[in-house]
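**Q** Below is the file protein.txt, which contains compact mmCIF, N, CA and C atoms.
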# COMPACT_ATOMS: atom_id res chain seq x y z
N MET A 242 -14.17 -26.20 73.58
CA MET A 242 -15.32 -26.02 74.46
C MET A 242 -16.32 -27.12 74.14
N ALA A 243 -16.90 -27.67 75.16
CA ALA A 243 -17.91 -28.70 74.94
C ALA A 243 -19.28 -28.16 75.34
N LYS A 244 -19.74 -28.50 76.53
CA LYS A 244 -21.05 -28.03 76.97
C LYS A 244 -20.91 -26.67 77.65
N CYS A 245 -21.96 -25.86 77.48
CA CYS A 245 -22.01 -24.58 78.17
C CYS A 245 -23.45 -24.27 78.55
N LEU A 246 -23.58 -23.41 79.52
CA LEU A 246 -24.89 -22.98 80.01
C LEU A 246 -25.15 -21.57 79.50
N LEU A 247 -26.28 -21.38 78.86
CA LEU A 247 -26.76 -20.06 78.48
C LEU A 247 -27.92 -19.76 79.42
N SER A 248 -27.77 -18.80 80.31
CA SER A 248 -28.82 -18.49 81.28
C SER A 248 -29.43 -17.13 80.98
N VAL A 249 -30.74 -17.06 81.06
CA VAL A 249 -31.51 -15.85 80.78
C VAL A 249 -31.76 -15.12 82.10
N TRP A 250 -31.46 -13.83 82.14
CA TRP A 250 -31.59 -13.05 83.38
C TRP A 250 -32.60 -11.93 83.22
N HIS A 251 -33.35 -11.70 84.29
CA HIS A 251 -34.38 -10.66 84.33
C HIS A 251 -34.16 -9.77 85.54
N ASP A 252 -34.58 -8.52 85.42
CA ASP A 252 -34.56 -7.60 86.56
C ASP A 252 -35.86 -7.75 87.33
N GLY A 253 -35.77 -7.76 88.63
CA GLY A 253 -36.95 -7.79 89.48
C GLY A 253 -37.71 -9.11 89.42
N GLU A 254 -38.85 -9.14 90.05
CA GLU A 254 -39.71 -10.32 90.06
C GLU A 254 -40.26 -10.49 88.64
N TYR A 255 -39.95 -11.60 88.03
CA TYR A 255 -40.32 -11.81 86.63
C TYR A 255 -41.29 -12.97 86.54
N GLU A 256 -42.45 -12.70 86.04
CA GLU A 256 -43.44 -13.75 85.79
C GLU A 256 -44.07 -13.44 84.45
N VAL A 257 -44.04 -14.39 83.56
CA VAL A 257 -44.52 -14.18 82.21
C VAL A 257 -46.05 -14.24 82.18
N GLU A 258 -46.64 -13.25 81.55
CA GLU A 258 -48.06 -13.27 81.25
C GLU A 258 -48.16 -13.75 79.80
N PHE A 259 -48.39 -15.05 79.64
CA PHE A 259 -48.28 -15.68 78.33
C PHE A 259 -49.25 -15.14 77.28
N SER A 260 -50.31 -14.47 77.71
CA SER A 260 -51.25 -13.93 76.73
C SER A 260 -50.84 -12.55 76.24
N SER A 261 -49.81 -11.95 76.83
CA SER A 261 -49.40 -10.61 76.41
C SER A 261 -48.74 -10.63 75.04
N GLU A 262 -48.77 -9.50 74.38
CA GLU A 262 -48.15 -9.37 73.07
C GLU A 262 -46.65 -9.64 73.15
N LEU A 263 -45.99 -9.13 74.20
CA LEU A 263 -44.56 -9.36 74.39
C LEU A 263 -44.26 -10.85 74.52
N ALA A 264 -45.00 -11.54 75.38
CA ALA A 264 -44.76 -12.97 75.60
C ALA A 264 -44.99 -13.75 74.31
N GLN A 265 -46.00 -13.39 73.55
CA GLN A 265 -46.27 -14.09 72.29
C GLN A 265 -45.11 -13.91 71.32
N ARG A 266 -44.58 -12.68 71.23
CA ARG A 266 -43.44 -12.42 70.35
C ARG A 266 -42.21 -13.19 70.82
N LEU A 267 -41.94 -13.16 72.12
CA LEU A 267 -40.76 -13.86 72.64
C LEU A 267 -40.88 -15.37 72.45
N MET A 268 -42.08 -15.92 72.61
CA MET A 268 -42.24 -17.37 72.42
C MET A 268 -41.91 -17.77 70.98
N VAL A 269 -42.31 -16.95 70.01
CA VAL A 269 -41.98 -17.24 68.61
C VAL A 269 -40.47 -17.15 68.40
N GLN A 270 -39.87 -16.08 68.91
CA GLN A 270 -38.42 -15.89 68.73
C GLN A 270 -37.61 -16.98 69.42
N VAL A 271 -37.96 -17.32 70.66
CA VAL A 271 -37.24 -18.36 71.39
C VAL A 271 -37.50 -19.72 70.74
N GLY A 272 -38.70 -19.95 70.27
CA GLY A 272 -38.99 -21.20 69.56
C GLY A 272 -38.12 -21.35 68.32
N ALA A 273 -37.93 -20.26 67.58
CA ALA A 273 -37.08 -20.30 66.39
C ALA A 273 -35.62 -20.55 66.78
N PHE A 274 -35.17 -19.93 67.88
CA PHE A 274 -33.80 -20.17 68.36
C PHE A 274 -33.64 -21.62 68.79
N ASN A 275 -34.63 -22.14 69.52
CA ASN A 275 -34.58 -23.55 69.92
C ASN A 275 -34.44 -24.46 68.70
N GLN A 276 -35.19 -24.15 67.65
CA GLN A 276 -35.13 -24.97 66.44
C GLN A 276 -33.76 -24.88 65.79
N GLN A 277 -33.12 -23.71 65.81
CA GLN A 277 -31.76 -23.57 65.29
C GLN A 277 -30.81 -24.49 66.05
N LEU A 278 -30.93 -24.49 67.38
CA LEU A 278 -30.07 -25.35 68.20
C LEU A 278 -30.31 -26.82 67.87
N ILE A 279 -31.57 -27.20 67.73
CA ILE A 279 -31.91 -28.59 67.40
C ILE A 279 -31.34 -28.96 66.04
N ASP A 280 -31.55 -28.09 65.04
CA ASP A 280 -31.07 -28.36 63.68
C ASP A 280 -29.55 -28.50 63.64
N ALA A 281 -28.86 -27.75 64.50
CA ALA A 281 -27.39 -27.79 64.54
C ALA A 281 -26.87 -28.94 65.40
N GLY A 282 -27.78 -29.66 66.07
CA GLY A 282 -27.37 -30.74 66.97
C GLY A 282 -26.69 -30.21 68.22
N ALA A 283 -26.99 -28.96 68.60
CA ALA A 283 -26.31 -28.31 69.72
C ALA A 283 -27.12 -28.34 71.01
N LEU A 284 -28.43 -28.56 70.92
CA LEU A 284 -29.26 -28.49 72.13
C LEU A 284 -29.12 -29.76 72.95
N VAL A 285 -28.73 -29.60 74.21
CA VAL A 285 -28.70 -30.70 75.16
C VAL A 285 -29.98 -30.68 75.98
N PHE A 286 -30.33 -29.50 76.50
CA PHE A 286 -31.50 -29.36 77.36
C PHE A 286 -31.83 -27.89 77.50
N ALA A 287 -33.10 -27.56 77.63
CA ALA A 287 -33.51 -26.18 77.85
C ALA A 287 -34.79 -26.17 78.67
N GLU A 288 -34.97 -25.12 79.47
CA GLU A 288 -36.18 -25.02 80.27
C GLU A 288 -36.35 -23.61 80.79
N GLY A 289 -37.59 -23.18 80.93
CA GLY A 289 -37.91 -21.94 81.61
C GLY A 289 -38.08 -22.23 83.09
N LEU A 290 -37.89 -21.23 83.92
CA LEU A 290 -38.00 -21.40 85.37
C LEU A 290 -39.17 -20.60 85.92
N MET A 291 -39.74 -21.07 87.01
CA MET A 291 -40.75 -20.32 87.75
C MET A 291 -40.03 -19.13 88.40
N PRO A 292 -40.78 -18.11 88.85
CA PRO A 292 -40.15 -16.94 89.49
C PRO A 292 -39.31 -17.34 90.70
N ALA A 293 -38.31 -16.54 91.01
CA ALA A 293 -37.41 -16.81 92.13
C ALA A 293 -38.17 -16.94 93.45
N SER A 294 -39.30 -16.28 93.57
CA SER A 294 -40.08 -16.36 94.81
C SER A 294 -40.57 -17.78 95.09
N SER A 295 -40.58 -18.64 94.08
CA SER A 295 -41.04 -20.02 94.26
C SER A 295 -39.92 -20.95 94.75
N ALA A 296 -38.71 -20.43 94.86
CA ALA A 296 -37.55 -21.25 95.22
C ALA A 296 -37.52 -21.59 96.70
N THR A 297 -36.78 -22.64 97.01
CA THR A 297 -36.40 -22.98 98.38
C THR A 297 -34.92 -23.32 98.35
N PHE A 298 -34.28 -23.24 99.51
CA PHE A 298 -32.87 -23.61 99.56
C PHE A 298 -32.59 -24.34 100.86
N ALA A 299 -31.52 -25.13 100.86
CA ALA A 299 -31.14 -25.92 102.03
C ALA A 299 -29.75 -25.52 102.50
N GLN A 300 -29.56 -25.58 103.79
CA GLN A 300 -28.25 -25.35 104.41
C GLN A 300 -27.63 -26.72 104.75
N PRO A 301 -26.31 -26.78 104.89
CA PRO A 301 -25.67 -28.05 105.22
C PRO A 301 -26.18 -28.67 106.53
N ASP A 302 -26.75 -27.83 107.43
CA ASP A 302 -27.26 -28.37 108.69
C ASP A 302 -28.65 -28.98 108.55
N GLY A 303 -29.19 -28.98 107.33
CA GLY A 303 -30.51 -29.57 107.09
C GLY A 303 -31.66 -28.59 107.13
N THR A 304 -31.38 -27.33 107.39
CA THR A 304 -32.42 -26.30 107.40
C THR A 304 -32.87 -26.01 105.97
N VAL A 305 -34.17 -26.01 105.75
CA VAL A 305 -34.74 -25.67 104.45
C VAL A 305 -35.55 -24.39 104.62
N THR A 306 -35.32 -23.44 103.73
CA THR A 306 -35.95 -22.13 103.82
C THR A 306 -36.67 -21.81 102.51
N ALA A 307 -37.87 -21.26 102.63
CA ALA A 307 -38.63 -20.83 101.44
C ALA A 307 -38.07 -19.51 100.93
N GLY A 308 -38.12 -19.34 99.62
CA GLY A 308 -37.66 -18.10 99.01
C GLY A 308 -36.29 -18.28 98.38
N PRO A 309 -35.89 -17.33 97.56
CA PRO A 309 -34.60 -17.46 96.87
C PRO A 309 -33.43 -17.36 97.85
N TYR A 310 -32.38 -18.09 97.56
CA TYR A 310 -31.17 -18.05 98.38
C TYR A 310 -30.55 -16.67 98.33
N ASN A 311 -30.51 -16.10 97.13
CA ASN A 311 -29.92 -14.78 96.94
C ASN A 311 -31.05 -13.83 96.55
N PRO A 312 -31.59 -13.06 97.50
CA PRO A 312 -32.71 -12.18 97.17
C PRO A 312 -32.28 -10.94 96.40
N HIS A 313 -31.54 -11.16 95.35
CA HIS A 313 -31.02 -10.09 94.50
C HIS A 313 -32.13 -9.63 93.56
N PRO A 314 -32.09 -8.39 93.12
CA PRO A 314 -33.14 -7.93 92.21
C PRO A 314 -33.11 -8.60 90.83
N ARG A 315 -32.04 -9.30 90.51
CA ARG A 315 -31.99 -10.03 89.24
C ARG A 315 -32.22 -11.51 89.52
N GLN A 316 -32.87 -12.18 88.57
CA GLN A 316 -33.11 -13.60 88.72
C GLN A 316 -33.00 -14.32 87.39
N MET A 317 -32.61 -15.59 87.47
CA MET A 317 -32.53 -16.41 86.27
C MET A 317 -33.94 -16.84 85.88
N GLY A 318 -34.28 -16.65 84.62
CA GLY A 318 -35.62 -16.98 84.16
C GLY A 318 -35.70 -18.25 83.34
N GLY A 319 -34.56 -18.74 82.89
CA GLY A 319 -34.53 -19.96 82.09
C GLY A 319 -33.13 -20.21 81.62
N PHE A 320 -32.94 -21.32 80.91
CA PHE A 320 -31.59 -21.67 80.49
C PHE A 320 -31.60 -22.68 79.36
N TRP A 321 -30.47 -22.76 78.69
CA TRP A 321 -30.17 -23.80 77.72
C TRP A 321 -28.83 -24.42 78.11
N VAL A 322 -28.71 -25.71 77.95
CA VAL A 322 -27.40 -26.37 77.97
C VAL A 322 -27.16 -26.75 76.52
N VAL A 323 -26.05 -26.25 75.98
CA VAL A 323 -25.75 -26.48 74.57
C VAL A 323 -24.34 -27.05 74.41
N GLU A 324 -24.13 -27.73 73.29
CA GLU A 324 -22.81 -28.20 72.88
C GLU A 324 -22.28 -27.19 71.88
N ALA A 325 -21.07 -26.74 72.09
CA ALA A 325 -20.44 -25.80 71.17
C ALA A 325 -19.06 -26.34 70.80
N ALA A 326 -18.78 -26.37 69.52
CA ALA A 326 -17.51 -26.93 69.05
C ALA A 326 -16.31 -26.08 69.44
N ASP A 327 -16.55 -24.77 69.59
CA ASP A 327 -15.45 -23.85 69.89
C ASP A 327 -16.02 -22.58 70.49
N PRO A 328 -15.17 -21.72 71.05
CA PRO A 328 -15.67 -20.48 71.68
C PRO A 328 -16.44 -19.57 70.72
N ALA A 329 -16.05 -19.53 69.46
CA ALA A 329 -16.76 -18.67 68.50
C ALA A 329 -18.20 -19.15 68.32
N THR A 330 -18.40 -20.46 68.27
CA THR A 330 -19.75 -21.01 68.15
C THR A 330 -20.56 -20.71 69.40
N ALA A 331 -19.95 -20.87 70.57
CA ALA A 331 -20.64 -20.55 71.82
C ALA A 331 -21.04 -19.08 71.85
N ASP A 332 -20.17 -18.20 71.42
CA ASP A 332 -20.48 -16.77 71.38
C ASP A 332 -21.63 -16.49 70.42
N ARG A 333 -21.67 -17.20 69.30
CA ARG A 333 -22.76 -17.01 68.34
C ARG A 333 -24.09 -17.42 68.98
N TRP A 334 -24.11 -18.58 69.68
CA TRP A 334 -25.33 -19.01 70.36
C TRP A 334 -25.73 -17.98 71.43
N LEU A 335 -24.75 -17.44 72.13
CA LEU A 335 -25.01 -16.44 73.17
C LEU A 335 -25.71 -15.22 72.57
N LEU A 336 -25.17 -14.69 71.49
CA LEU A 336 -25.76 -13.51 70.86
C LEU A 336 -27.17 -13.79 70.32
N GLU A 337 -27.35 -14.97 69.74
CA GLU A 337 -28.67 -15.31 69.21
C GLU A 337 -29.68 -15.52 70.33
N ALA A 338 -29.25 -16.10 71.45
CA ALA A 338 -30.14 -16.29 72.59
C ALA A 338 -30.57 -14.93 73.15
N SER A 339 -29.64 -14.02 73.29
CA SER A 339 -29.95 -12.70 73.81
C SER A 339 -30.93 -11.96 72.90
N ALA A 340 -30.73 -12.07 71.60
CA ALA A 340 -31.65 -11.43 70.65
C ALA A 340 -33.03 -12.05 70.74
N ALA A 341 -33.11 -13.39 70.84
CA ALA A 341 -34.40 -14.08 70.91
C ALA A 341 -35.16 -13.70 72.17
N CYS A 342 -34.45 -13.54 73.28
CA CYS A 342 -35.07 -13.21 74.57
C CYS A 342 -35.26 -11.72 74.77
N GLU A 343 -34.60 -10.93 73.92
CA GLU A 343 -34.61 -9.48 74.06
C GLU A 343 -34.13 -9.08 75.45
N GLY A 344 -33.07 -9.76 75.92
CA GLY A 344 -32.57 -9.46 77.25
C GLY A 344 -31.18 -10.04 77.47
N VAL A 345 -30.76 -9.97 78.72
CA VAL A 345 -29.43 -10.43 79.11
C VAL A 345 -29.37 -11.94 79.18
N VAL A 346 -28.35 -12.51 78.53
CA VAL A 346 -28.07 -13.95 78.60
C VAL A 346 -26.60 -14.09 78.95
N GLU A 347 -26.31 -14.97 79.90
CA GLU A 347 -24.94 -15.23 80.33
C GLU A 347 -24.48 -16.58 79.79
N LEU A 348 -23.24 -16.63 79.33
CA LEU A 348 -22.61 -17.86 78.85
C LEU A 348 -21.60 -18.33 79.89
N ARG A 349 -21.71 -19.58 80.34
CA ARG A 349 -20.74 -20.16 81.26
C ARG A 349 -20.38 -21.55 80.78
N PRO A 350 -19.09 -21.76 80.48
CA PRO A 350 -18.65 -23.11 80.12
C PRO A 350 -18.84 -24.04 81.31
N MET A 351 -19.14 -25.29 81.01
CA MET A 351 -19.29 -26.30 82.05
C MET A 351 -17.95 -27.02 82.26
N GLN A 352 -17.73 -27.49 83.45
CA GLN A 352 -16.52 -28.23 83.75
C GLN A 352 -16.53 -29.54 82.98
N ASP A 353 -15.39 -29.91 82.46
CA ASP A 353 -15.25 -31.19 81.77
C ASP A 353 -14.71 -32.20 82.78
N ASN A 354 -15.58 -33.06 83.24
CA ASN A 354 -15.20 -34.05 84.24
C ASN A 354 -14.87 -35.39 83.65
N GLY A 355 -14.46 -35.36 82.39
CA GLY A 355 -14.01 -36.59 81.75
C GLY A 355 -15.12 -37.28 81.14
Represent the structure of the file as structure tokens.

**A**
Amino acid sequence: MAKCLLSVWHDGEYEVEFSSELAQRLMVQVGAFNQQLIDAGALVFAEGLMPASSATFAQPDGTVTAGPYNPHPRQMGGFWVVEAADPATADRWLLEASAACEGVVELRPMQDNG
């Protein structure tokens, strides 16, 4: 396994109130996880996302529409792209990401296009 995506998922409309006690705790935990990835040389890229309501999407005919493409009650809140030497390492990062976020994180291997 080479690169994989760890995506953080939330139920409902999710917007962080950064001054809340929960957000402060999560920022410390996610910051520590980020540092683990950096120290291991595994972090490629990571970012938090604005709420799904801020999204737009395009159709092949050129139509652009405001709002999420999939108005599902769950939304991606952020992600990491990491390098993992093997599936066991990827699974370890997955479990640590979920613990740091105190929520659901999905692991998806990326296609190796050479």

**Q** Can you tell me how far atom N of Ser339 (chain A) sits from atom C of Ala307 (chain A), in Å to one decimal?

**A**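 We find that atom N of Ser339 (chain A) and atom C of Ala307 (chain A) lie 29.4 Å from each other.
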
**Q** Please, which residues of chain A, numbered as in this document, come out alpha helix (DSSP H) from DSSP, as number ranges by chain?

**A** A: 262-280, 328-342

**Q** Please report the interatomic distance between atom N of Phe259 (chain A) and CA of Val345 (chain A) in Å with one decimal.

**A**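 These atoms are spaced 19.5 Å apart.
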
**Q** For Phe320 (chain A), which residue among A:Ala243, A:Ala299, A:Leu290, A:Ala264 is the nearest when counting only N, CA and C atoms?

**A**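 Smallest distance to Phe320 (chain A) is found for A:Leu290.
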
**Q** Please report the interatomic distance between atom N of Ala296 (chain A) and CA of Tyr310 (chain A) in Å with one decimal.

**A**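 Straight-line distance from atom N of Ala296 (chain A) to CA of Tyr310 (chain A) works out to 8.7 Å.
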
**Q** Among chain A, which ones does DSSP assign to strand (DSSP E) (computed from the backbone)? Answer as a compact mmCIF listing (two decimals) with N, CA and C atoms, in the frame of the given file.

**A**
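Writing the result to result-v4.txt gives the following:
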# COMPACT_ATOMS: atom_id res chain seq x y z
N LYS A 244 -19.74 -28.50 76.53
CA LYS A 244 -21.05 -28.03 76.97
C LYS A 244 -20.91 -26.67 77.65
N CYS A 245 -21.96 -25.86 77.48
CA CYS A 245 -22.01 -24.58 78.17
C CYS A 245 -23.45 -24.27 78.55
N LEU A 246 -23.58 -23.41 79.52
CA LEU A 246 -24.89 -22.98 80.01
C LEU A 246 -25.15 -21.57 79.50
N LEU A 247 -26.28 -21.38 78.86
CA LEU A 247 -26.76 -20.06 78.48
C LEU A 247 -27.92 -19.76 79.42
N SER A 248 -27.77 -18.80 80.31
CA SER A 248 -28.82 -18.49 81.28
C SER A 248 -29.43 -17.13 80.98
N VAL A 249 -30.74 -17.06 81.06
CA VAL A 249 -31.51 -15.85 80.78
C VAL A 249 -31.76 -15.12 82.10
N TRP A 250 -31.46 -13.83 82.14
CA TRP A 250 -31.59 -13.05 83.38
C TRP A 250 -32.60 -11.93 83.22
N HIS A 251 -33.35 -11.70 84.29
CA HIS A 251 -34.38 -10.66 84.33
C HIS A 251 -34.16 -9.77 85.54
N ASP A 252 -34.58 -8.52 85.42
CA ASP A 252 -34.56 -7.60 86.56
C ASP A 252 -35.86 -7.75 87.33
N LEU A 284 -28.43 -28.56 70.92
CA LEU A 284 -29.26 -28.49 72.13
C LEU A 284 -29.12 -29.76 72.95
N VAL A 285 -28.73 -29.60 74.21
CA VAL A 285 -28.70 -30.70 75.16
C VAL A 285 -29.98 -30.68 75.98
N PHE A 286 -30.33 -29.50 76.50
CA PHE A 286 -31.50 -29.36 77.36
C PHE A 286 -31.83 -27.89 77.50
N ALA A 287 -33.10 -27.56 77.63
CA ALA A 287 -33.51 -26.18 77.85
C ALA A 287 -34.79 -26.17 78.67
N GLU A 288 -34.97 -25.12 79.47
CA GLU A 288 -36.18 -25.02 80.27
C GLU A 288 -36.35 -23.61 80.79
N GLY A 289 -37.59 -23.18 80.93
CA GLY A 289 -37.91 -21.94 81.61
C GLY A 289 -38.08 -22.23 83.09
N THR A 297 -36.78 -22.64 97.01
CA THR A 297 -36.40 -22.98 98.38
C THR A 297 -34.92 -23.32 98.35
N PHE A 298 -34.28 -23.24 99.51
CA PHE A 298 -32.87 -23.61 99.56
C PHE A 298 -32.59 -24.34 100.86
N ALA A 299 -31.52 -25.13 100.86
CA ALA A 299 -31.14 -25.92 102.03
C ALA A 299 -29.75 -25.52 102.50
N VAL A 305 -34.17 -26.01 105.75
CA VAL A 305 -34.74 -25.67 104.45
C VAL A 305 -35.55 -24.39 104.62
N THR A 306 -35.32 -23.44 103.73
CA THR A 306 -35.95 -22.13 103.82
C THR A 306 -36.67 -21.81 102.51
N ALA A 307 -37.87 -21.26 102.63
CA ALA A 307 -38.63 -20.83 101.44
C ALA A 307 -38.07 -19.51 100.93
N ARG A 315 -32.04 -9.30 90.51
CA ARG A 315 -31.99 -10.03 89.24
C ARG A 315 -32.22 -11.51 89.52
N GLN A 316 -32.87 -12.18 88.57
CA GLN A 316 -33.11 -13.60 88.72
C GLN A 316 -33.00 -14.32 87.39
N MET A 317 -32.61 -15.59 87.47
CA MET A 317 -32.53 -16.41 86.27
C MET A 317 -33.94 -16.84 85.88
N GLY A 318 -34.28 -16.65 84.62
CA GLY A 318 -35.62 -16.98 84.16
C GLY A 318 -35.70 -18.25 83.34
N GLY A 319 -34.56 -18.74 82.89
CA GLY A 319 -34.53 -19.96 82.09
C GLY A 319 -33.13 -20.21 81.62
N PHE A 320 -32.94 -21.32 80.91
CA PHE A 320 -31.59 -21.67 80.49
C PHE A 320 -31.60 -22.68 79.36
N TRP A 321 -30.47 -22.76 78.69
CA TRP A 321 -30.17 -23.80 77.72
C TRP A 321 -28.83 -24.42 78.11
N VAL A 322 -28.71 -25.71 77.95
CA VAL A 322 -27.40 -26.37 77.97
C VAL A 322 -27.16 -26.75 76.52
N VAL A 323 -26.05 -26.25 75.98
CA VAL A 323 -25.75 -26.48 74.57
C VAL A 323 -24.34 -27.05 74.41
N GLU A 324 -24.13 -27.73 73.29
CA GLU A 324 -22.81 -28.20 72.88
C GLU A 324 -22.28 -27.19 71.88
N VAL A 345 -30.76 -9.97 78.72
CA VAL A 345 -29.43 -10.43 79.11
C VAL A 345 -29.37 -11.94 79.18
N VAL A 346 -28.35 -12.51 78.53
CA VAL A 346 -28.07 -13.95 78.60
C VAL A 346 -26.60 -14.09 78.95
N GLU A 347 -26.31 -14.97 79.90
CA GLU A 347 -24.94 -15.23 80.33
C GLU A 347 -24.48 -16.58 79.79
N LEU A 348 -23.24 -16.63 79.33
CA LEU A 348 -22.61 -17.86 78.85
C LEU A 348 -21.60 -18.33 79.89
N ARG A 349 -21.71 -19.58 80.34
CA ARG A 349 -20.74 -20.16 81.26
C ARG A 349 -20.38 -21.55 80.78
N PRO A 350 -19.09 -21.76 80.48
CA PRO A 350 -18.65 -23.11 80.12
C PRO A 350 -18.84 -24.04 81.31

**Q** Taking into account all atoms listed in the file, which residue in the set A:Ala338, A:Leu348, A:Pro309, A:Val249 is nearest to Asn275 (chain A)?

**A**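 Closest residue, counting all atoms listed in the file: A:Ala338.
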
**Q** Once 3 Å is added on each side, what are the centre and the three edge lengths, in Å to one decimal, of the axis-aligned box enclosing the listed atoms of region 245-255 of chain A? Present them as AutoDock Vina command-line options.

**A**
--center_x -31.6 --center_y -16.7 --center_z 83.8 --size_x 25.3 --size_y 24.3 --size_z 18.6

**Q** Find, counting all atoms listed in the file, the residue in A:Val323, A:Leu247, A:Val257, A:Val269 that gets nearest to Gly282 (chain A).

**A**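 Residue with the minimum atom-to-atom distance to Gly282 (chain A): A:Val323.
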
**Q** Of the candidates A:Gly289, A:Asp280, A:Ala325, A:Ser294, which one gets nearest to Asn311 (chain A) if we count only C-alpha atoms?

**A**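 Residue with the minimum atom-to-atom distance to Asn311 (chain A): A:Ser294.
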
**Q** What lies within 8 Å of Val271 (chain A) using all atoms listed in the file, ignoring chain neighbours under 3 positions off, as a list in words?

**A**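 In the requested format, the answer is Gln265, Arg266, Leu267, Met268, Phe274, Asn275, Gln276, Gln277, Ala338, Ala340, Ala341, Cys342 and Glu343 of chain A.
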
**Q** Just the residues within 12 Å of Cys245 (chain A), please, counting only C-alpha atoms, with nothing from its chain fewer than 4 positions along; format it as a PyMOL selection string.

**A** chain A and resi 283-287+320-328+330-332+334-335+347-353

**Q** Which of these residues is nearest to Trp250 (chain A), using all atoms listed in the file: A:Leu278, A:Val305, A:Leu336, A:Met317?

**A**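 Of A:Leu278, A:Val305, A:Leu336, A:Met317, the one nearest Trp250 (chain A), counting all atoms listed in the file, is A:Met317.
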
**Q** Mind checking which residues fall within 6.5 Å of Gly253 (chain A), counting only N, CA and C atoms, ignoring those fewer than 3 positions away in the same chain, and posting them as a ChimeraX atom specification?

**A** /A:313-316
